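Undergrad: Contents of upload.txt (compact mmCIF, C-alpha atoms and all ligand atoms):
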```
# COMPACT_ATOMS: atom_id res chain seq x y z
CA MET A 1 0.00 0.00 0.00
CA ASN A 2 1.34 3.46 -0.89
CA SER A 3 2.00 6.05 1.78
CA GLU A 4 -0.41 8.44 0.06
CA PHE A 5 -3.42 8.02 -2.15
CA ASP A 6 -3.12 10.77 -4.73
CA ASN A 7 -5.78 9.27 -6.96
CA ARG A 8 -8.67 9.16 -4.52
CA VAL A 9 -11.96 9.52 -6.43
CA VAL A 10 -15.38 10.48 -5.00
CA GLU A 11 -18.22 8.18 -6.12
CA VAL A 12 -21.92 8.25 -5.26
CA THR A 13 -23.30 5.02 -3.75
CA ASP A 14 -26.79 3.55 -4.18
CA ASP A 15 -28.35 5.40 -1.20
CA GLY A 16 -27.20 8.77 -2.57
CA SER A 17 -24.31 9.22 -0.11
CA ALA A 18 -20.77 9.33 -1.45
CA THR A 19 -17.66 7.26 -0.82
CA ILE A 20 -14.03 7.27 -1.92
CA PHE A 21 -12.66 4.85 -4.52
CA LEU A 22 -8.94 4.03 -4.49
CA PRO A 23 -7.84 2.94 -7.97
CA GLU A 24 -4.44 1.68 -6.77
CA LEU A 25 -6.10 -0.77 -4.37
CA ASP A 26 -9.27 -1.21 -6.44
CA GLU A 27 -11.15 -0.65 -3.20
CA HIS A 28 -13.92 1.60 -1.82
CA TYR A 29 -14.09 3.13 1.67
CA HIS A 30 -17.70 1.96 2.05
CA SER A 31 -20.24 -0.33 0.43
CA VAL A 32 -21.19 0.86 -3.05
CA LYS A 33 -24.74 -0.27 -2.12
CA GLY A 34 -24.94 2.63 0.35
CA ALA A 35 -22.21 4.27 2.42
CA LEU A 36 -24.49 5.96 4.95
CA THR A 37 -26.77 2.90 5.20
CA GLU A 38 -23.72 0.72 5.94
CA SER A 39 -22.38 3.07 8.63
CA CYS A 40 -25.73 3.34 10.37
CA HIS A 41 -26.50 -0.37 10.35
CA ILE A 42 -23.19 -2.17 10.88
CA TYR A 43 -21.48 0.25 13.22
CA ARG A 44 -23.97 2.62 14.89
CA ASP A 45 -26.86 0.17 15.35
CA CYS A 46 -25.25 -3.30 15.57
CA ALA A 47 -22.32 -2.17 17.74
CA PHE A 48 -22.64 1.21 19.49
CA MET A 49 -26.38 1.23 20.21
CA HIS A 50 -26.39 -2.53 20.84
CA ARG A 51 -23.78 -2.28 23.63
CA SER A 52 -25.47 -1.48 26.91
CA THR A 53 -23.65 1.28 28.75
CA ASP A 54 -24.17 -0.12 32.27
CA GLY A 55 -24.44 3.52 33.29
CA LYS A 56 -20.92 4.46 32.17
CA ARG A 57 -19.43 6.41 29.29
CA LEU A 58 -18.37 3.92 26.61
CA ARG A 59 -14.90 3.73 25.06
CA LEU A 60 -15.06 2.99 21.34
CA LEU A 61 -12.19 2.09 18.98
CA GLU A 62 -12.54 2.56 15.22
CA VAL A 63 -10.04 0.90 12.89
CA GLY A 64 -9.85 3.38 9.99
CA PHE A 65 -11.22 6.93 10.54
CA GLY A 66 -11.28 7.49 6.77
CA THR A 67 -13.95 10.02 5.81
CA GLY A 68 -15.33 10.42 9.34
CA LEU A 69 -18.74 9.05 8.32
CA ASN A 70 -18.91 6.42 11.09
CA ALA A 71 -17.80 9.06 13.57
CA VAL A 72 -20.48 11.58 12.64
CA VAL A 73 -23.35 9.05 12.65
CA THR A 74 -22.17 7.92 16.09
CA ALA A 75 -21.95 11.51 17.35
CA MET A 76 -25.54 12.05 16.16
CA ALA A 77 -26.73 8.98 18.08
CA ALA A 78 -24.84 9.70 21.31
CA ASP A 79 -26.90 11.29 24.07
CA GLN A 80 -27.07 11.61 27.83
CA ASN A 81 -27.90 7.91 28.18
CA HIS A 82 -25.38 6.67 25.60
CA GLN A 83 -22.16 8.66 25.93
CA VAL A 84 -18.90 7.78 24.26
CA ASP A 85 -15.19 8.56 23.99
CA TYR A 86 -14.40 7.67 20.36
CA PHE A 87 -10.79 6.62 19.60
CA THR A 88 -10.15 6.34 15.88
CA LEU A 89 -6.98 5.19 14.13
CA GLU A 90 -5.83 6.40 10.73
CA LYS A 91 -2.57 5.98 8.84
CA TYR A 92 -3.51 7.89 5.67
CA PRO A 93 -5.71 10.91 6.57
CA VAL A 94 -8.13 12.18 3.93
CA SER A 95 -7.61 15.82 2.85
CA SER A 96 -10.11 18.51 3.85
CA GLU A 97 -10.80 19.12 0.13
CA MET A 98 -11.81 15.46 -0.28
CA VAL A 99 -13.97 15.61 2.88
CA ALA A 100 -15.77 18.65 1.44
CA ALA A 101 -16.23 16.92 -1.92
CA LEU A 102 -17.98 13.96 -0.21
CA GLY A 103 -20.83 16.29 0.84
CA TYR A 104 -21.75 14.34 3.99
CA GLY A 105 -23.19 17.50 5.55
CA ALA A 106 -26.26 17.03 3.33
CA HIS A 107 -26.88 13.54 4.82
CA THR A 108 -25.75 14.02 8.43
CA ASP A 109 -25.15 16.99 10.75
CA GLN A 110 -22.86 19.53 9.13
CA SER A 111 -21.85 21.24 12.36
CA LEU A 112 -20.89 17.94 14.04
CA LEU A 113 -19.02 16.85 10.91
CA THR A 114 -17.09 20.12 10.80
CA ALA A 115 -16.23 19.88 14.49
CA ILE A 116 -15.04 16.26 14.12
CA HIS A 117 -12.76 17.11 11.20
CA ALA A 118 -11.49 20.28 12.89
CA ALA A 119 -10.68 18.43 16.14
CA PRO A 120 -6.95 18.19 16.87
CA TRP A 121 -5.18 14.85 16.40
CA SER A 122 -3.78 12.93 19.37
CA GLU A 123 -6.02 14.37 22.07
CA LEU A 124 -9.49 13.61 23.33
CA ALA A 125 -11.56 16.56 22.08
CA PRO A 126 -15.14 17.17 23.28
CA ILE A 127 -17.56 17.60 20.36
CA THR A 128 -20.82 17.43 22.36
CA PRO A 129 -21.38 16.60 26.05
CA ALA A 130 -22.05 12.98 24.99
CA PHE A 131 -19.35 12.54 22.33
CA SER A 132 -15.59 13.17 22.43
CA ILE A 133 -13.12 12.08 19.78
CA ASN A 134 -9.42 11.23 19.79
CA LYS A 135 -8.11 10.91 16.22
CA ILE A 136 -4.85 8.99 16.34
CA LYS A 137 -2.50 9.02 13.35
CA CYS A 138 -0.76 5.67 13.60
CA ASP A 139 -0.25 2.27 12.06
CA PHE A 140 -2.85 -0.10 13.49
CA THR A 141 -0.70 -3.13 12.68
CA VAL A 142 2.19 -2.10 14.93
CA ASP A 143 1.26 0.77 17.30
CA ALA A 144 -0.18 0.36 20.81
CA LEU A 145 -3.97 0.32 21.04
CA PRO A 146 -6.14 2.28 23.50
CA GLN A 147 -7.27 -0.07 26.29
CA ASN A 148 -10.54 -0.91 28.11
CA ILE A 149 -12.48 -0.63 24.85
CA ASP A 150 -16.22 -1.44 24.96
CA VAL A 151 -17.04 -1.17 21.25
CA VAL A 152 -14.88 -1.79 18.15
CA TYR A 153 -15.75 -0.66 14.62
CA PHE A 154 -13.51 -2.97 12.58
CA ASP A 155 -13.63 -1.05 9.29
CA ALA A 156 -10.35 -1.90 7.55
CA PHE A 157 -10.07 -2.38 3.81
CA ALA A 158 -10.98 -5.91 2.72
CA PRO A 159 -8.78 -8.87 3.72
CA GLU A 160 -7.88 -9.52 0.05
CA LYS A 161 -6.65 -5.91 -0.24
CA GLN A 162 -4.93 -5.48 3.13
CA PRO A 163 -4.35 -8.94 4.64
CA GLU A 164 -2.01 -7.53 7.31
CA MET A 165 -5.04 -5.91 9.03
CA TRP A 166 -6.89 -9.23 9.44
CA LEU A 167 -4.35 -11.59 11.03
CA PRO A 168 -4.98 -13.82 14.08
CA GLU A 169 -2.36 -11.88 16.11
CA ILE A 170 -4.14 -8.62 15.23
CA PHE A 171 -7.47 -9.96 16.52
CA ALA A 172 -5.71 -11.21 19.67
CA ARG A 173 -4.42 -7.66 20.35
CA VAL A 174 -7.87 -6.19 19.79
CA TYR A 175 -9.42 -8.81 22.11
CA GLU A 176 -6.88 -7.95 24.81
CA ALA A 177 -7.68 -4.25 24.45
CA MET A 178 -11.40 -4.85 25.07
CA SER A 179 -13.42 -4.96 28.28
CA SER A 180 -15.63 -7.95 29.01
CA GLY A 181 -19.00 -7.54 27.32
CA GLY A 182 -17.29 -5.56 24.58
CA VAL A 183 -18.62 -5.88 21.02
CA LEU A 184 -16.88 -5.67 17.65
CA THR A 185 -18.66 -5.46 14.33
CA THR A 186 -17.36 -5.72 10.80
CA TYR A 187 -18.84 -5.81 7.33
CA CYS A 188 -16.69 -8.84 6.50
CA ALA A 189 -18.57 -12.11 7.05
CA LYS A 190 -16.01 -14.47 5.53
CA GLY A 191 -15.77 -17.85 7.27
CA VAL A 192 -12.01 -17.52 7.73
CA ILE A 193 -12.43 -14.22 9.59
CA ARG A 194 -15.25 -15.62 11.74
CA ARG A 195 -13.07 -18.58 12.72
CA GLN A 196 -10.12 -16.31 13.55
CA LEU A 197 -12.33 -14.18 15.81
CA GLU A 198 -13.62 -17.33 17.55
CA ALA A 199 -10.08 -18.68 17.91
CA VAL A 200 -8.96 -15.66 19.97
CA GLY A 201 -11.97 -16.02 22.30
CA PHE A 202 -14.86 -14.02 20.84
CA GLU A 203 -18.40 -15.35 20.62
CA VAL A 204 -19.39 -14.55 17.04
CA GLU A 205 -22.84 -14.02 15.51
CA ARG A 206 -23.77 -13.59 11.88
CA LEU A 207 -26.29 -10.79 11.53
CA ALA A 208 -28.32 -9.55 8.59
CA GLY A 209 -26.45 -6.94 6.58
CA PRO A 210 -27.69 -3.46 5.69
CA VAL A 211 -30.80 -3.10 3.52
CA GLY A 212 -29.78 -3.47 -0.14
CA GLY A 213 -26.23 -4.42 0.85
CA LYS A 214 -24.34 -7.49 2.05
CA ARG A 215 -26.32 -10.53 3.09
CA GLU A 216 -24.48 -10.96 6.39
CA ILE A 217 -22.12 -9.13 8.71
CA LEU A 218 -20.29 -10.27 11.87
CA ARG A 219 -20.65 -9.23 15.49
CA ALA A 220 -18.08 -10.58 17.97
CA THR A 221 -18.60 -10.31 21.73
CA LYS A 222 -16.00 -10.71 24.47
CA ARG A 223 -17.67 -12.64 27.30
C1 LIG B 1 -12.70 1.11 4.83
S1 LIG B 1 -11.79 2.58 5.15
C2 LIG B 1 -12.53 3.21 6.62
C3 LIG B 1 -13.79 4.03 6.39
C4 LIG B 1 -14.14 4.89 7.58
N1 LIG B 1 -14.45 4.12 8.74
C5 LIG B 1 -15.19 5.90 7.26
O1 LIG B 1 -16.19 6.02 8.01
O2 LIG B 1 -15.03 6.62 6.27
C6 LIG B 1 -10.26 1.91 5.81
C7 LIG B 1 -9.36 2.95 6.43
O3 LIG B 1 -8.24 2.31 7.05
C8 LIG B 1 -7.11 3.17 6.87
N2 LIG B 1 -5.87 2.37 7.06
C9 LIG B 1 -5.27 1.56 6.15
N3 LIG B 1 -4.19 0.97 6.70
C10 LIG B 1 -4.10 1.42 7.98
C11 LIG B 1 -3.19 1.16 9.05
N4 LIG B 1 -2.16 0.31 8.91
N5 LIG B 1 -3.38 1.79 10.23
C12 LIG B 1 -4.44 2.66 10.38
N6 LIG B 1 -5.34 2.93 9.39
C13 LIG B 1 -5.18 2.31 8.21
C14 LIG B 1 -7.30 3.67 5.46
O4 LIG B 1 -6.53 4.81 5.20
C15 LIG B 1 -8.80 3.95 5.43
O5 LIG B 1 -9.09 5.25 5.86
```
What would you get if you wrote out this structure as structure tokens?

TA:
Amino acid sequence: MNSEFDNRVVEVTDDGSATIFLPELDEHYHSVKGALTESCHIYRDCAFMHRSTDGKRLRLLEVGFGTGLNAVVTAMAADQNHQVDYFTLEKYPVSSEMVAALGYGAHTDQSLLTAIHAAPWSELAPITPAFSINKIKCDFTVDALPQNIDVVYFDAFAPEKQPEMWLPEIFARVYEAMSSGGVLTTYCAKGVIRRQLEAVGFEVERLAGPVGGKREILRATKR
């Protein structure tokens, strides 16, 4: 994978929201069947809203901040009863010009989106009383992970495109970083990934995918 993606291209997906296509990887940042629909279903609903808070502020880890779409839909869902500190890892940040070209303000909350992108890197920045974000520029495959994580959005590029993000030792590190009762979701429902998650100790469910999108997704729970 190159250190920069100079050829990033904005494409509109089937639900009208945009995504980025990377010609050099032949890979999209989201489902072409609907970027916003995917974010809302797989990450916000099946992971963040699914995880009971037990009366505490949740700690969430996102693998791949990318466009910030998962972050803004989570910020919109967070409230007094479902508060979150959102740690998000990114090795190749997207430019502000590309963020503007995606036009997510028309589909989400423009002021939250602006605040999330304007937040400094490497510190926990309050965006609303219920949602703070720490954007961490790092390499997920080698750098230390935040600990005591309750929710993981595992949103790496596909295993065929970036196999180093989907290794058994990677899942073992993520498992170790999570609290008991923690949940991880991913769009990837491949049998080999499900078995790797089970092998490190997760209990794994196959759930229905987003409307119009993938047939199944995975949710892994640390008991
Ligand atoms: C599928 S996209 C994530 C989409 C994102 N969650 C969103 O809402 O737009 C995968 C992301 O992982 C990032 N990435 C790739 N390799 C990485 C690495 N080794 N460490 C951290 N991030 C990485 C990519 O730059 C890309 O932004």

Undergrad: Give the answer as one residue: which of A:Ser96, A:Thr53, A:Thr88, A:Asn148 has the shortest atom-to-atom distance to ligand LIG 1 (chain B), using only C-alpha atoms and all ligand atoms?

TA: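 Closest residue, counting only C-alpha atoms and all ligand atoms: A:Thr88.
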
Undergrad: Which residues are near ligand LIG 1 (chain B) in this structure, taking near to mean any atom at most 7 Å from a ligand atom and counting only C-alpha atoms and all ligand atoms? Format them as a list in words.

TA: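 These are the residues that qualify: His28, Tyr29, His30, Ser39, Glu62, Val63, Gly64, Phe65, Gly66, Thr67, Gly68, Leu69, Asn70, Ala71, Leu89, Glu90, Lys91, Tyr92, Pro93, Cys138, Asp139, Phe140, Thr141, Asp155, Ala156, Phe157 and Met165 of chain A.
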
Undergrad: Pick the closest to Glu164 in chain A from A:Val142, A:Ala199, A:Ile42, A:Ala77: which is it, counting all atoms listed in the file?

TA: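 Going through A:Val142, A:Ala199, A:Ile42, A:Ala77 one by one, the smallest distance to Glu164 in chain A is for A:Val142.
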
Undergrad: Rank nothing, just name the residue among A:Val200, A:Leu25, A:Ala115, A:Leu207 nearest to Glu160 in chain A, using only C-alpha atoms.

TA: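 Selected residue with least distance to Glu160 in chain A: A:Leu25.
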
Undergrad: Using CA of Trp121 in chain A and CA of Gln83 in chain A as the two end points, give the distance in Å to one decimal.

TA: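 Here the two named atoms are 20.4 Å from each other.
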
Undergrad: Show me a table, sorted first by chain and then by increasing residue number, of the residues of range 35-63 of chain A having an atom at most 12 Å from range 104-108 of chain A, each with its shortest atom pair and the distance in Å to one decimal, counting all atoms listed in the file and written as a tab-separated table.

TA:
```
residue	atom	partner	partner_atom	distance
A:Ala35	CA	A:Tyr104	CA	10.2
A:Leu36	CA	A:His107	CA	7.9
A:Thr37	CA	A:His107	CA	10.6
A:Ser39	CA	A:Thr108	CA	11.5
A:Cys40	CA	A:Thr108	CA	10.9
```

Undergrad: Assuming the input is short of atoms at range 173-202 of chain A, produce N, CA and C atoms for that part as a short mmCIF file (atom, residue, chain, number, x, y, z; two decimals), in the frame of the given file.

TA:
```cif
data_model
loop_
_atom_site.label_atom_id
_atom_site.label_comp_id
_atom_site.auth_asym_id
_atom_site.auth_seq_id
_atom_site.Cartn_x
_atom_site.Cartn_y
_atom_site.Cartn_z
N ARG A 173 -4.72 -8.96 19.73
CA ARG A 173 -4.42 -7.66 20.35
C ARG A 173 -5.69 -6.86 20.60
N VAL A 174 -6.61 -6.92 19.63
CA VAL A 174 -7.87 -6.19 19.79
C VAL A 174 -8.66 -6.79 20.96
N TYR A 175 -8.70 -8.12 21.02
CA TYR A 175 -9.42 -8.81 22.11
C TYR A 175 -8.86 -8.38 23.46
N GLU A 176 -7.54 -8.34 23.56
CA GLU A 176 -6.88 -7.95 24.81
C GLU A 176 -7.21 -6.52 25.20
N ALA A 177 -7.41 -5.67 24.19
CA ALA A 177 -7.68 -4.25 24.45
C ALA A 177 -9.12 -4.00 24.89
N MET A 178 -9.97 -5.05 24.80
CA MET A 178 -11.40 -4.85 25.07
C MET A 178 -11.79 -5.26 26.49
N SER A 179 -12.84 -4.61 26.99
CA SER A 179 -13.42 -4.96 28.28
C SER A 179 -14.36 -6.16 28.10
N SER A 180 -14.69 -6.84 29.19
CA SER A 180 -15.63 -7.95 29.01
C SER A 180 -17.02 -7.38 28.72
N GLY A 181 -17.72 -8.06 27.82
CA GLY A 181 -19.00 -7.54 27.32
C GLY A 181 -18.82 -6.65 26.10
N GLY A 182 -17.57 -6.41 25.72
CA GLY A 182 -17.29 -5.56 24.58
C GLY A 182 -17.74 -6.19 23.28
N VAL A 183 -18.16 -5.37 22.31
CA VAL A 183 -18.62 -5.88 21.02
C VAL A 183 -17.83 -5.27 19.88
N LEU A 184 -17.58 -6.09 18.88
CA LEU A 184 -16.88 -5.67 17.65
C LEU A 184 -17.79 -6.02 16.49
N THR A 185 -17.96 -5.10 15.57
CA THR A 185 -18.66 -5.46 14.33
C THR A 185 -17.77 -5.18 13.13
N THR A 186 -18.04 -5.94 12.07
CA THR A 186 -17.36 -5.72 10.80
C THR A 186 -18.28 -6.14 9.66
N TYR A 187 -18.06 -5.49 8.53
CA TYR A 187 -18.84 -5.81 7.33
C TYR A 187 -18.41 -7.15 6.73
N CYS A 188 -17.25 -7.64 7.13
CA CYS A 188 -16.69 -8.84 6.50
C CYS A 188 -17.24 -10.09 7.19
N ALA A 189 -17.96 -10.92 6.45
CA ALA A 189 -18.57 -12.11 7.05
C ALA A 189 -17.90 -13.39 6.57
N LYS A 190 -16.70 -13.27 6.05
CA LYS A 190 -16.01 -14.47 5.53
C LYS A 190 -15.81 -15.49 6.65
N GLY A 191 -15.94 -16.78 6.29
CA GLY A 191 -15.77 -17.85 7.27
C GLY A 191 -14.40 -17.82 7.94
N VAL A 192 -13.37 -17.51 7.17
CA VAL A 192 -12.01 -17.52 7.73
C VAL A 192 -11.87 -16.43 8.80
N ILE A 193 -12.51 -15.31 8.60
CA ILE A 193 -12.43 -14.22 9.59
C ILE A 193 -13.26 -14.60 10.83
N ARG A 194 -14.43 -15.18 10.61
CA ARG A 194 -15.25 -15.62 11.74
C ARG A 194 -14.49 -16.63 12.59
N ARG A 195 -13.82 -17.56 11.96
CA ARG A 195 -13.07 -18.58 12.72
C ARG A 195 -11.88 -17.97 13.46
N GLN A 196 -11.25 -16.97 12.85
CA GLN A 196 -10.12 -16.31 13.55
C GLN A 196 -10.61 -15.56 14.78
N LEU A 197 -11.76 -14.90 14.66
CA LEU A 197 -12.33 -14.18 15.81
C LEU A 197 -12.68 -15.17 16.92
N GLU A 198 -13.27 -16.31 16.55
CA GLU A 198 -13.62 -17.33 17.55
C GLU A 198 -12.36 -17.89 18.20
N ALA A 199 -11.31 -18.06 17.40
CA ALA A 199 -10.08 -18.68 17.91
C ALA A 199 -9.42 -17.82 18.99
N VAL A 200 -9.58 -16.49 18.93
CA VAL A 200 -8.96 -15.66 19.97
C VAL A 200 -9.88 -15.49 21.18
N GLY A 201 -11.11 -16.02 21.12
CA GLY A 201 -11.97 -16.02 22.30
C GLY A 201 -13.32 -15.35 22.14
N PHE A 202 -13.56 -14.69 21.02
CA PHE A 202 -14.86 -14.02 20.84
C PHE A 202 -15.98 -15.04 20.61
#
```
